[in-house]
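Next comes model.cif, a file with mmCIF, C-alpha atoms.
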```cif
data_target
#
loop_
_atom_site.group_PDB
_atom_site.id
_atom_site.type_symbol
_atom_site.label_atom_id
_atom_site.label_comp_id
_atom_site.auth_asym_id
_atom_site.auth_seq_id
_atom_site.Cartn_x
_atom_site.Cartn_y
_atom_site.Cartn_z
ATOM 1 C CA MET J 1 28.194 24.436 125.448
ATOM 2 C CA ASN J 2 25.818 27.075 124.108
ATOM 3 C CA LYS J 3 26.785 29.098 121.073
ATOM 4 C CA ASP J 4 26.964 32.400 122.964
ATOM 5 C CA ARG J 5 29.641 31.113 125.308
ATOM 6 C CA ILE J 6 31.871 29.918 122.478
ATOM 7 C CA LYS J 7 32.050 33.555 121.397
ATOM 8 C CA LYS J 8 33.653 34.511 124.728
ATOM 9 C CA ALA J 9 37.203 34.134 125.986
ATOM 10 C CA TYR J 10 37.460 33.612 129.735
ATOM 11 C CA PHE J 11 40.721 34.849 131.220
ATOM 12 C CA HIS J 12 42.058 33.397 134.469
ATOM 13 C CA LEU J 13 44.171 36.048 136.138
ATOM 14 C CA PRO J 14 47.081 35.814 138.620
ATOM 15 C CA GLY J 15 47.602 37.214 142.106
ATOM 16 C CA LEU J 16 44.336 36.764 144.003
ATOM 17 C CA PHE J 17 45.979 37.987 147.207
ATOM 18 C CA GLU J 18 49.215 39.494 145.897
ATOM 19 C CA PHE J 19 47.547 41.979 143.542
ATOM 20 C CA TYR J 20 44.435 42.738 145.578
ATOM 21 C CA GLU J 21 45.074 46.498 145.430
ATOM 22 C CA LEU J 22 45.358 46.401 141.647
ATOM 23 C CA TYR J 23 42.156 44.392 141.238
ATOM 24 C CA ARG J 24 40.363 46.635 143.734
ATOM 25 C CA VAL J 25 40.802 49.452 141.191
ATOM 26 C CA PHE J 26 40.714 47.442 137.955
ATOM 27 C CA LEU J 27 37.533 45.450 138.548
ATOM 28 C CA PRO J 28 35.292 48.534 138.928
ATOM 29 C CA LEU J 29 36.688 49.799 135.617
ATOM 30 C CA PHE J 30 35.993 46.463 133.958
ATOM 31 C CA SER J 31 32.462 46.481 135.369
ATOM 32 C CA ASP J 32 31.514 50.116 134.780
ATOM 33 C CA HIS J 33 33.364 50.850 131.518
ATOM 34 C CA ARG J 34 32.854 47.807 129.346
ATOM 35 C CA GLU J 35 33.352 50.065 126.328
ATOM 36 C CA TYR J 36 37.077 50.057 127.245
ATOM 37 C CA PHE J 37 37.304 46.282 126.837
ATOM 38 C CA TYR J 38 36.752 43.731 124.102
ATOM 39 C CA ASP J 39 33.155 42.553 124.171
ATOM 40 C CA TRP J 40 34.304 38.963 123.617
ATOM 41 C CA CYS J 41 36.349 38.728 126.827
ATOM 42 C CA GLU J 42 35.358 37.977 130.415
ATOM 43 C CA ILE J 43 37.201 37.273 133.651
ATOM 44 C CA GLY J 44 36.812 33.598 134.425
ATOM 45 C CA SER J 45 38.676 33.605 137.726
ATOM 46 C CA VAL J 46 41.493 35.129 139.742
ATOM 47 C CA TYR J 47 43.903 32.623 141.299
ATOM 48 C CA GLY J 48 46.554 32.584 144.006
ATOM 49 C CA ALA J 49 47.243 31.874 147.667
ATOM 50 C CA PRO J 50 48.344 33.947 150.654
ATOM 51 C CA SER J 51 51.976 34.037 151.689
ATOM 52 C CA GLY J 52 53.075 31.129 153.826
ATOM 53 C CA CYS J 53 50.582 28.479 152.689
ATOM 54 C CA ILE J 54 52.266 25.082 152.827
ATOM 55 C CA TRP J 55 49.887 23.698 150.198
ATOM 56 C CA GLY J 56 50.978 26.422 147.778
ATOM 57 C CA GLY J 57 52.847 25.601 144.585
ATOM 58 C CA GLY J 58 54.124 27.003 141.331
ATOM 59 C CA ARG J 59 55.446 30.119 143.064
ATOM 60 C CA VAL J 60 56.389 31.164 146.578
ATOM 61 C CA GLU J 61 53.513 33.564 147.168
ATOM 62 C CA GLU J 62 53.856 37.137 148.419
ATOM 63 C CA GLY J 63 50.225 38.020 149.095
ATOM 64 C CA TYR J 64 49.363 39.273 152.588
ATOM 65 C CA GLU J 65 45.831 40.587 152.084
ATOM 66 C CA ASP J 66 43.069 39.456 154.430
ATOM 67 C CA PRO J 67 41.297 36.446 152.831
ATOM 68 C CA GLY J 68 37.887 37.746 153.873
ATOM 69 C CA LYS J 69 38.456 41.014 152.012
ATOM 70 C CA VAL J 70 39.744 39.149 148.977
ATOM 71 C CA LEU J 71 36.691 36.905 148.819
ATOM 72 C CA GLU J 72 34.403 39.891 149.366
ATOM 73 C CA LEU J 73 35.921 41.646 146.344
ATOM 74 C CA MET J 74 35.490 38.570 144.133
ATOM 75 C CA GLU J 75 31.908 38.130 145.350
ATOM 76 C CA LYS J 76 31.087 41.769 144.622
ATOM 77 C CA TYR J 77 32.003 41.335 140.956
ATOM 78 C CA GLU J 78 30.821 37.713 140.756
ATOM 79 C CA ILE J 79 34.241 36.350 139.819
ATOM 80 C CA SER J 80 35.384 32.877 140.771
ATOM 81 C CA ALA J 81 38.286 32.802 143.242
ATOM 82 C CA ARG J 82 40.771 29.954 142.929
ATOM 83 C CA LEU J 83 43.166 28.842 145.639
ATOM 84 C CA THR J 84 46.471 27.753 144.108
ATOM 85 C CA PHE J 85 47.305 24.685 146.182
ATOM 86 C CA SER J 86 49.521 22.987 143.595
ATOM 87 C CA ASN J 87 52.247 21.748 145.928
ATOM 88 C CA SER J 88 53.435 18.448 144.430
ATOM 89 C CA LEU J 89 55.083 17.091 147.590
ATOM 90 C CA VAL J 90 52.239 17.217 150.132
ATOM 91 C CA ARG J 91 52.363 14.350 152.611
ATOM 92 C CA LYS J 92 49.680 12.971 154.908
ATOM 93 C CA GLU J 93 50.906 14.989 157.888
ATOM 94 C CA HIS J 94 50.423 18.222 155.922
ATOM 95 C CA LEU J 95 46.705 17.653 155.367
ATOM 96 C CA THR J 96 45.804 18.906 158.859
ATOM 97 C CA ASP J 97 47.327 22.359 158.294
ATOM 98 C CA ARG J 98 44.913 24.749 159.973
ATOM 99 C CA ARG J 99 45.483 27.746 157.737
ATOM 100 C CA CYS J 100 44.990 25.954 154.437
ATOM 101 C CA ASN J 101 41.934 24.098 155.701
ATOM 102 C CA ALA J 102 40.462 27.361 156.988
ATOM 103 C CA LEU J 103 40.948 28.946 153.573
ATOM 104 C CA CYS J 104 39.128 26.066 151.906
ATOM 105 C CA ALA J 105 36.265 26.401 154.379
ATOM 106 C CA LEU J 106 36.035 30.157 153.817
ATOM 107 C CA PHE J 107 36.107 30.013 150.030
ATOM 108 C CA GLU J 108 33.722 27.064 149.901
ATOM 109 C CA ASP J 109 31.105 29.381 151.391
ATOM 110 C CA SER J 110 31.227 31.861 148.488
ATOM 111 C CA LEU J 111 27.649 32.633 147.550
ATOM 112 C CA LYS J 112 27.612 34.316 144.142
ATOM 113 C CA LYS J 113 30.298 32.382 142.267
ATOM 114 C CA GLN J 114 31.722 28.967 143.037
ATOM 115 C CA SER J 115 35.350 29.002 144.172
ATOM 116 C CA GLY J 116 37.925 26.475 143.018
ATOM 117 C CA VAL J 117 41.278 24.943 143.879
ATOM 118 C CA ILE J 118 44.221 24.374 141.541
ATOM 119 C CA VAL J 119 45.857 21.097 142.604
ATOM 120 C CA HIS J 120 48.763 18.846 141.708
ATOM 121 C CA SER J 121 48.762 16.215 144.461
ATOM 122 C CA ASP J 122 46.085 13.506 144.301
ATOM 123 C CA LEU J 123 46.467 13.095 148.062
ATOM 124 C CA LEU J 124 45.517 16.736 148.569
ATOM 125 C CA LEU J 125 42.787 16.517 145.934
ATOM 126 C CA ASP J 126 41.136 13.636 147.778
ATOM 127 C CA HIS J 127 41.371 15.493 151.109
ATOM 128 C CA ILE J 128 39.799 18.694 149.804
ATOM 129 C CA LYS J 129 37.148 16.858 147.785
ATOM 130 C CA ARG J 130 36.114 14.878 150.847
ATOM 131 C CA ASN J 131 36.056 17.784 153.302
ATOM 132 C CA TYR J 132 35.082 20.747 151.082
ATOM 133 C CA PRO J 133 32.801 19.348 148.364
ATOM 134 C CA GLY J 134 31.549 22.792 147.378
ATOM 135 C CA LEU J 135 34.838 23.649 145.651
ATOM 136 C CA TYR J 136 35.719 22.767 142.050
ATOM 137 C CA PHE J 137 39.135 21.540 140.911
ATOM 138 C CA VAL J 138 41.691 22.487 138.261
ATOM 139 C CA SER J 139 44.526 20.165 137.248
ATOM 140 C CA SER J 140 47.730 22.189 137.538
ATOM 141 C CA THR J 141 50.230 22.809 134.755
ATOM 142 C CA THR J 142 52.934 22.086 137.363
ATOM 143 C CA LYS J 143 52.453 18.406 136.489
ATOM 144 C CA VAL J 144 54.500 19.241 133.351
ATOM 145 C CA LEU J 145 52.674 16.760 131.144
ATOM 146 C CA THR J 146 54.298 17.286 127.752
ATOM 147 C CA ASP J 147 52.871 14.045 126.376
ATOM 148 C CA PHE J 148 49.506 14.825 124.824
ATOM 149 C CA SER J 149 47.892 11.512 125.733
ATOM 150 C CA GLN J 150 48.919 11.949 129.382
ATOM 151 C CA PHE J 151 47.389 15.403 129.437
ATOM 152 C CA MET J 152 44.170 14.099 127.930
ATOM 153 C CA GLY J 153 44.064 11.665 130.822
ATOM 154 C CA GLU J 154 43.747 14.736 133.082
ATOM 155 C CA VAL J 155 41.045 16.260 130.875
ATOM 156 C CA ASN J 156 39.034 13.063 131.067
ATOM 157 C CA ARG J 157 39.155 12.813 134.855
ATOM 158 C CA GLU J 158 35.740 13.607 136.310
ATOM 159 C CA GLU J 159 37.246 15.386 139.326
ATOM 160 C CA PHE J 160 38.541 18.249 137.213
ATOM 161 C CA LEU J 161 36.437 21.063 135.804
ATOM 162 C CA TYR J 162 39.529 22.404 134.003
ATOM 163 C CA ALA J 163 43.017 21.172 133.167
ATOM 164 C CA VAL J 164 45.984 23.370 132.184
ATOM 165 C CA PRO J 165 48.395 21.811 129.677
ATOM 166 C CA ASP J 166 52.119 22.406 129.588
ATOM 167 C CA PHE J 167 52.726 25.442 127.395
ATOM 168 C CA ARG J 168 54.706 23.318 124.947
ATOM 169 C CA LEU J 169 51.479 21.638 123.870
ATOM 170 C CA ASN J 170 49.818 24.963 123.009
ATOM 171 C CA LYS J 171 50.384 24.758 119.270
ATOM 172 C CA SER J 172 49.579 21.057 118.814
ATOM 173 C CA PHE J 173 46.619 22.002 116.638
ATOM 174 C CA ASP J 174 46.429 18.679 114.838
ATOM 175 C CA LYS J 175 45.683 17.076 118.199
ATOM 176 C CA TRP J 176 43.548 19.838 119.731
ATOM 177 C CA LYS J 177 41.105 19.761 116.828
ATOM 178 C CA THR J 178 40.284 16.103 117.562
ATOM 179 C CA LEU J 179 38.715 16.903 120.975
ATOM 180 C CA SER J 180 34.999 16.837 121.579
ATOM 181 C CA GLN J 181 33.374 20.114 122.628
ATOM 182 C CA SER J 182 32.999 18.917 126.215
ATOM 183 C CA GLN J 183 36.747 18.189 126.302
ATOM 184 C CA LYS J 184 37.582 21.574 124.774
ATOM 185 C CA ASP J 185 35.523 23.258 127.487
ATOM 186 C CA LYS J 186 37.892 21.826 130.103
ATOM 187 C CA VAL J 187 41.186 22.916 128.512
ATOM 188 C CA GLU J 188 42.709 26.108 129.908
ATOM 189 C CA PHE J 189 45.718 27.300 127.909
ATOM 190 C CA LEU J 190 48.647 29.060 129.600
ATOM 191 C CA CYS J 191 49.204 32.023 127.281
ATOM 192 C CA ASN J 192 52.264 34.021 128.314
ATOM 193 C CA GLU J 193 54.866 31.602 129.660
ATOM 194 C CA CYS J 194 58.412 32.935 129.417
ATOM 195 C CA CYS J 195 60.193 29.696 130.369
ATOM 196 C CA TRP J 196 62.661 28.343 127.825
ATOM 197 C CA PHE J 197 60.754 26.137 125.366
ATOM 198 C CA GLY J 198 63.512 23.525 125.538
ATOM 199 C CA CYS J 199 63.643 23.413 129.337
ATOM 200 C CA ARG J 200 64.083 19.930 130.829
ATOM 201 C CA ASP J 201 64.193 21.083 134.451
ATOM 202 C CA ARG J 202 60.707 22.559 134.788
ATOM 203 C CA LYS J 203 59.464 19.757 137.036
ATOM 204 C CA SER J 204 62.448 19.982 139.391
ATOM 205 C CA CYS J 205 62.017 23.771 139.489
ATOM 206 C CA TYR J 206 58.423 23.337 140.668
ATOM 207 C CA GLU J 207 59.540 20.730 143.210
ATOM 208 C CA THR J 208 62.001 23.217 144.695
ATOM 209 C CA VAL J 209 59.145 25.705 145.103
ATOM 210 C CA SER J 210 57.055 22.995 146.756
ATOM 211 C CA ARG J 211 59.853 22.242 149.229
ATOM 212 C CA LYS J 212 60.214 25.925 150.066
ATOM 213 C CA ASN J 213 56.478 26.260 150.715
ATOM 214 C CA LEU J 214 56.682 23.262 153.034
ATOM 215 C CA GLY J 215 59.446 25.022 154.941
ATOM 216 C CA GLU J 216 62.091 22.474 154.013
ATOM 217 C CA ASP J 217 65.753 23.370 153.784
ATOM 218 C CA CYS J 218 66.652 22.766 150.165
ATOM 219 C CA PRO J 219 69.203 23.991 147.628
ATOM 220 C CA GLU J 220 68.190 26.686 145.186
ATOM 221 C CA HIS J 221 67.173 25.649 141.706
ATOM 222 C CA HIS J 222 69.497 27.335 139.208
ATOM 223 C CA CYS J 223 67.812 27.816 135.863
ATOM 224 C CA ALA J 224 69.978 26.711 132.937
ATOM 225 C CA ALA J 225 67.900 28.513 130.310
ATOM 226 C CA PRO J 226 69.553 31.029 127.986
ATOM 227 C CA ASP J 227 69.119 34.600 129.311
ATOM 228 C CA ALA J 228 67.732 33.254 132.603
ATOM 229 C CA SER J 229 69.471 36.063 134.479
ATOM 230 C CA TYR J 230 67.137 38.617 132.864
ATOM 231 C CA GLY J 231 64.039 37.159 134.518
ATOM 232 C CA TYR J 232 60.571 37.530 133.029
ATOM 233 C CA ARG J 233 60.156 39.816 130.019
ATOM 234 C CA PHE J 234 56.808 40.063 128.259
ATOM 235 C CA SER J 235 58.634 40.853 125.025
ATOM 236 C CA LYS J 236 60.617 37.647 125.485
ATOM 237 C CA ALA J 237 57.460 35.660 126.239
ATOM 238 C CA MET J 238 55.977 36.922 122.965
ATOM 239 C CA GLU J 239 58.850 35.257 121.097
ATOM 240 C CA ASN J 240 58.281 31.902 122.804
ATOM 241 C CA PRO J 241 57.008 29.215 120.383
ATOM 242 C CA GLY J 242 54.257 28.435 122.886
ATOM 243 C CA PHE J 243 53.057 32.037 123.247
ATOM 244 C CA ILE J 244 49.349 32.598 122.604
ATOM 245 C CA SER J 245 48.727 36.088 121.289
ATOM 246 C CA ILE J 246 45.471 37.974 121.302
ATOM 247 C CA ASP J 247 45.180 37.318 117.554
ATOM 248 C CA ASP J 248 45.711 33.604 118.178
ATOM 249 C CA ILE J 249 42.876 33.619 120.693
ATOM 250 C CA LYS J 250 40.454 35.428 118.378
ATOM 251 C CA ASN J 251 41.386 33.780 115.101
ATOM 252 C CA VAL J 252 42.535 30.284 116.026
ATOM 253 C CA TYR J 253 41.529 29.035 119.461
ATOM 254 C CA MET J 254 38.045 30.519 119.766
ATOM 255 C CA PRO J 255 36.961 29.403 116.267
ATOM 256 C CA MET J 256 38.197 25.915 117.236
ATOM 257 C CA GLY J 257 35.854 25.997 120.240
ATOM 258 C CA PHE J 258 38.297 26.806 123.076
ATOM 259 C CA SER J 259 37.362 29.486 125.572
ATOM 260 C CA ASN J 260 39.664 29.366 128.630
ATOM 261 C CA PHE J 261 43.006 31.123 128.841
ATOM 262 C CA LYS J 262 45.322 31.448 131.827
ATOM 263 C CA ILE J 263 47.625 34.428 132.329
ATOM 264 C CA GLU J 264 50.674 33.789 134.496
ATOM 265 C CA GLY J 265 52.181 36.553 136.582
ATOM 266 C CA ARG J 266 52.432 35.782 140.293
ATOM 267 C CA GLY J 267 55.571 37.374 141.677
ATOM 268 C CA LEU J 268 56.082 39.676 138.687
ATOM 269 C CA GLY J 269 54.735 42.941 140.122
ATOM 270 C CA SER J 270 51.500 44.828 139.569
ATOM 271 C CA ALA J 271 52.824 47.049 136.747
ATOM 272 C CA LEU J 272 53.522 44.028 134.559
ATOM 273 C CA ILE J 273 50.164 42.461 135.436
ATOM 274 C CA LEU J 274 48.534 45.657 134.235
ATOM 275 C CA GLU J 275 50.339 45.270 130.904
ATOM 276 C CA PHE J 276 48.841 41.778 130.565
ATOM 277 C CA LEU J 277 45.370 43.142 131.305
ATOM 278 C CA LEU J 278 45.859 45.845 128.694
ATOM 279 C CA TYR J 279 47.206 43.502 126.034
ATOM 280 C CA TYR J 280 44.691 40.701 126.390
ATOM 281 C CA MET J 281 41.512 42.486 127.439
ATOM 282 C CA THR J 282 41.610 46.204 126.621
ATOM 283 C CA LYS J 283 40.966 47.942 123.312
ATOM 284 C CA PRO J 284 44.156 49.797 122.268
ATOM 285 C CA GLU J 285 42.458 53.191 122.137
ATOM 286 C CA TYR J 286 41.558 52.855 125.821
ATOM 287 C CA HIS J 287 44.967 51.757 127.160
ATOM 288 C CA ILE J 288 45.757 55.284 128.258
ATOM 289 C CA HIS J 289 42.409 55.600 130.041
ATOM 290 C CA ILE J 290 43.120 52.502 132.110
ATOM 291 C CA ARG J 291 46.692 53.564 132.859
ATOM 292 C CA GLU J 292 45.547 56.996 134.001
ATOM 293 C CA LYS J 293 42.893 55.543 136.267
ATOM 294 C CA ILE J 294 45.260 53.020 137.786
ATOM 295 C CA TYR J 295 48.397 55.134 138.081
ATOM 296 C CA LEU J 296 46.925 58.540 138.923
ATOM 297 C CA ASP J 297 43.949 57.533 141.057
ATOM 298 C CA ASN J 298 45.674 54.709 142.901
ATOM 299 C CA MET J 299 49.315 55.813 142.789
ATOM 300 C CA LEU J 300 50.296 52.267 141.858
ATOM 301 C CA ASP J 301 53.729 51.367 143.180
ATOM 302 C CA LEU J 302 55.719 50.640 140.032
ATOM 303 C CA PHE J 303 59.037 49.799 141.582
#
```
Could you write out this structure as structure tokens?
Amino acid sequence: MNKDRIKKAYFHLPGLFEFYELYRVFLPLFSDHREYFYDWCEIGSVYGAPSGCIWGGGRVEEGYEDPGKVLELMEKYEISARLTFSNSLVRKEHLTDRRCNALCALFEDSLKKQSGVIVHSDLLLDHIKRNYPGLYFVSSTTKVLTDFSQFMGEVNREEFLYAVPDFRLNKSFDKWKTLSQSQKDKVEFLCNECCWFGCRDRKSCYETVSRKNLGEDCPEHHCAAPDASYGYRFSKAMENPGFISIDDIKNVYMPMGFSNFKIEGRGLGSALILEFLLYYMTKPEYHIHIREKIYLDNMLDLF
């Protein structure tokens, strides 16, 4: 990894389809007004899947934007698009799904920036790798690998360009510092998780989402976390022991040689996504400029 790249933080942003309208306004600002943003940050990718994709995982997606338009926007600003196909329960009969295969074919043909796929299932990984070799792969955090050695097994797999650890490993600095630079290049930290740090049901929660995306009739997963009824709060996420702040990124992770950071947010609404973009990427004195451009020029739907 060259020295210039170590000085950059690459953010991987949520809602490729769901927040298309937000990114359609935000990306020109990021491109044309770099003085608004930290010079050490870049957009590494935008991830997500359209509504109704049976290979989808992590969340039940709500994006309805035309995939061609989405890819065109990413190509215009030379940003990698990632399909979130992290369903953990894919079976052989699901591999022939026309819509998901068509999406892989479309995004494999991106010309300016290679597209990727976030995967959980090895069965699906093998299918996509065999049929769409132009895509790169990311090992999904939905595997909930809280054992460090198990996660390093994912990092060391040649199939994966990146691997996202469970957020509860974020502060295991005594272990992270032992990685080689090539291993550090593959680690993509999930920064703003709000899930209860002591949660033991995270895997079953993801499995429920996978069943829903497959169209299966299944009982709801009822979160047992304290204050679960309040849903996602960024202020609450900031109090999570696994939270990675902007100061952590600048003063701890980047000096250690890490450069990839994932922002969660699918299903949370565009107003909250904007707050993430402001917090992690925008200089404080320009927050109001971005808000004015987004809210006044685009009439962003806040509620």
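The residue set within 9 Å of J:Phe151, counting only C-alpha atoms and dropping same-chain residues fewer than 5 places from it, reads J:Val144, J:Leu145, J:Thr146, J:Asn156, J:Ala163, J:Val164, J:Pro165, J:Asp166.
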Let's have the selection written as an mmCIF file, keeping the file's coordinate frame, with C-alpha atoms.
```
data_model
loop_
_atom_site.group_PDB
_atom_site.id
_atom_site.type_symbol
_atom_site.label_atom_id
_atom_site.label_comp_id
_atom_site.auth_asym_id
_atom_site.auth_seq_id
_atom_site.Cartn_x
_atom_site.Cartn_y
_atom_site.Cartn_z
ATOM 1 C CA VAL J 144 54.500 19.241 133.351
ATOM 2 C CA LEU J 145 52.674 16.760 131.144
ATOM 3 C CA THR J 146 54.298 17.286 127.752
ATOM 4 C CA ASN J 156 39.034 13.063 131.067
ATOM 5 C CA ALA J 163 43.017 21.172 133.167
ATOM 6 C CA VAL J 164 45.984 23.370 132.184
ATOM 7 C CA PRO J 165 48.395 21.811 129.677
ATOM 8 C CA ASP J 166 52.119 22.406 129.588
#
```
Report as a Markdown table: every residue of stretch 155-213 of chain J with an atom at most 12 Å from stretch 75-93 of chain J, its closest pair of atoms, and their distance in Å to one decimal, counting only C-alpha atoms, with rows sorted by chain and ascending residue number.
```
| residue | atom | partner | partner_atom | distance |
| --- | --- | --- | --- | --- |
| J:Tyr162 | CA | J:Arg82 | CA | 11.8 |
| J:Val164 | CA | J:Ser86 | CA | 12.0 |
| J:Lys203 | CA | J:Ser88 | CA | 9.6 |
| J:Ser204 | CA | J:Ser88 | CA | 10.4 |
| J:Cys205 | CA | J:Ser88 | CA | 11.2 |
| J:Tyr206 | CA | J:Ser88 | CA | 7.9 |
| J:Glu207 | CA | J:Ser88 | CA | 6.6 |
| J:Thr208 | CA | J:Leu89 | CA | 9.7 |
| J:Val209 | CA | J:Asn87 | CA | 8.0 |
| J:Ser210 | CA | J:Asn87 | CA | 5.0 |
| J:Arg211 | CA | J:Leu89 | CA | 7.2 |
| J:Lys212 | CA | J:Asn87 | CA | 9.9 |
| J:Asn213 | CA | J:Asn87 | CA | 7.8 |
```
Size and centre in Å, one decimal, axis-aligned box, all listed stretch 67-75 of chain J atoms plus 8 Å per side, as AutoDock Vina command-line options:
```
--center_x 36.6 --center_y 39.0 --center_z 149.0 --size_x 25.4 --size_y 21.2 --size_z 25.7
```
**Prompt:** Any chance you could work out the residue set of the PyMOL selection byres ((chain J and resi 184) around 12) here, as a PyMOL selection string?
**Reply:** chain J and resi 1+6+152+155-156+161-165+175-183+185-189+253-261
**Request:** Can you pull out every residue within 7 Å of J:Val25, counting all atoms listed in the file, but drop anything in the same chain fewer than 4 positions away, and send it as a list in words?
**Result:**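 So the residues in contact are Glu21, Leu29 and Ile294 of chain J.
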Can you translate the PyMOL selection byres ((chain J and resi 138) around 7) into the concrete residues it hits in this file, as a PDB file with C-alpha atoms, keeping the file's coordinate frame?
```pdb
ATOM      1  CA  VAL J 117      41.278  24.943 143.879  1.00  0.00           C
ATOM      2  CA  ILE J 118      44.221  24.374 141.541  1.00  0.00           C
ATOM      3  CA  VAL J 119      45.857  21.097 142.604  1.00  0.00           C
ATOM      4  CA  PHE J 137      39.135  21.540 140.911  1.00  0.00           C
ATOM      5  CA  SER J 139      44.526  20.165 137.248  1.00  0.00           C
ATOM      6  CA  SER J 140      47.730  22.189 137.538  1.00  0.00           C
ATOM      7  CA  PHE J 160      38.541  18.249 137.213  1.00  0.00           C
ATOM      8  CA  LEU J 161      36.437  21.063 135.804  1.00  0.00           C
ATOM      9  CA  TYR J 162      39.529  22.404 134.003  1.00  0.00           C
ATOM     10  CA  ALA J 163      43.017  21.172 133.167  1.00  0.00           C
TER      11      ALA J 163
END
```
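For the atom pair formed by atom CA of J:Lys293 and atom CA of J:Glu42, the distance is 20.0 Å, given to one decimal.
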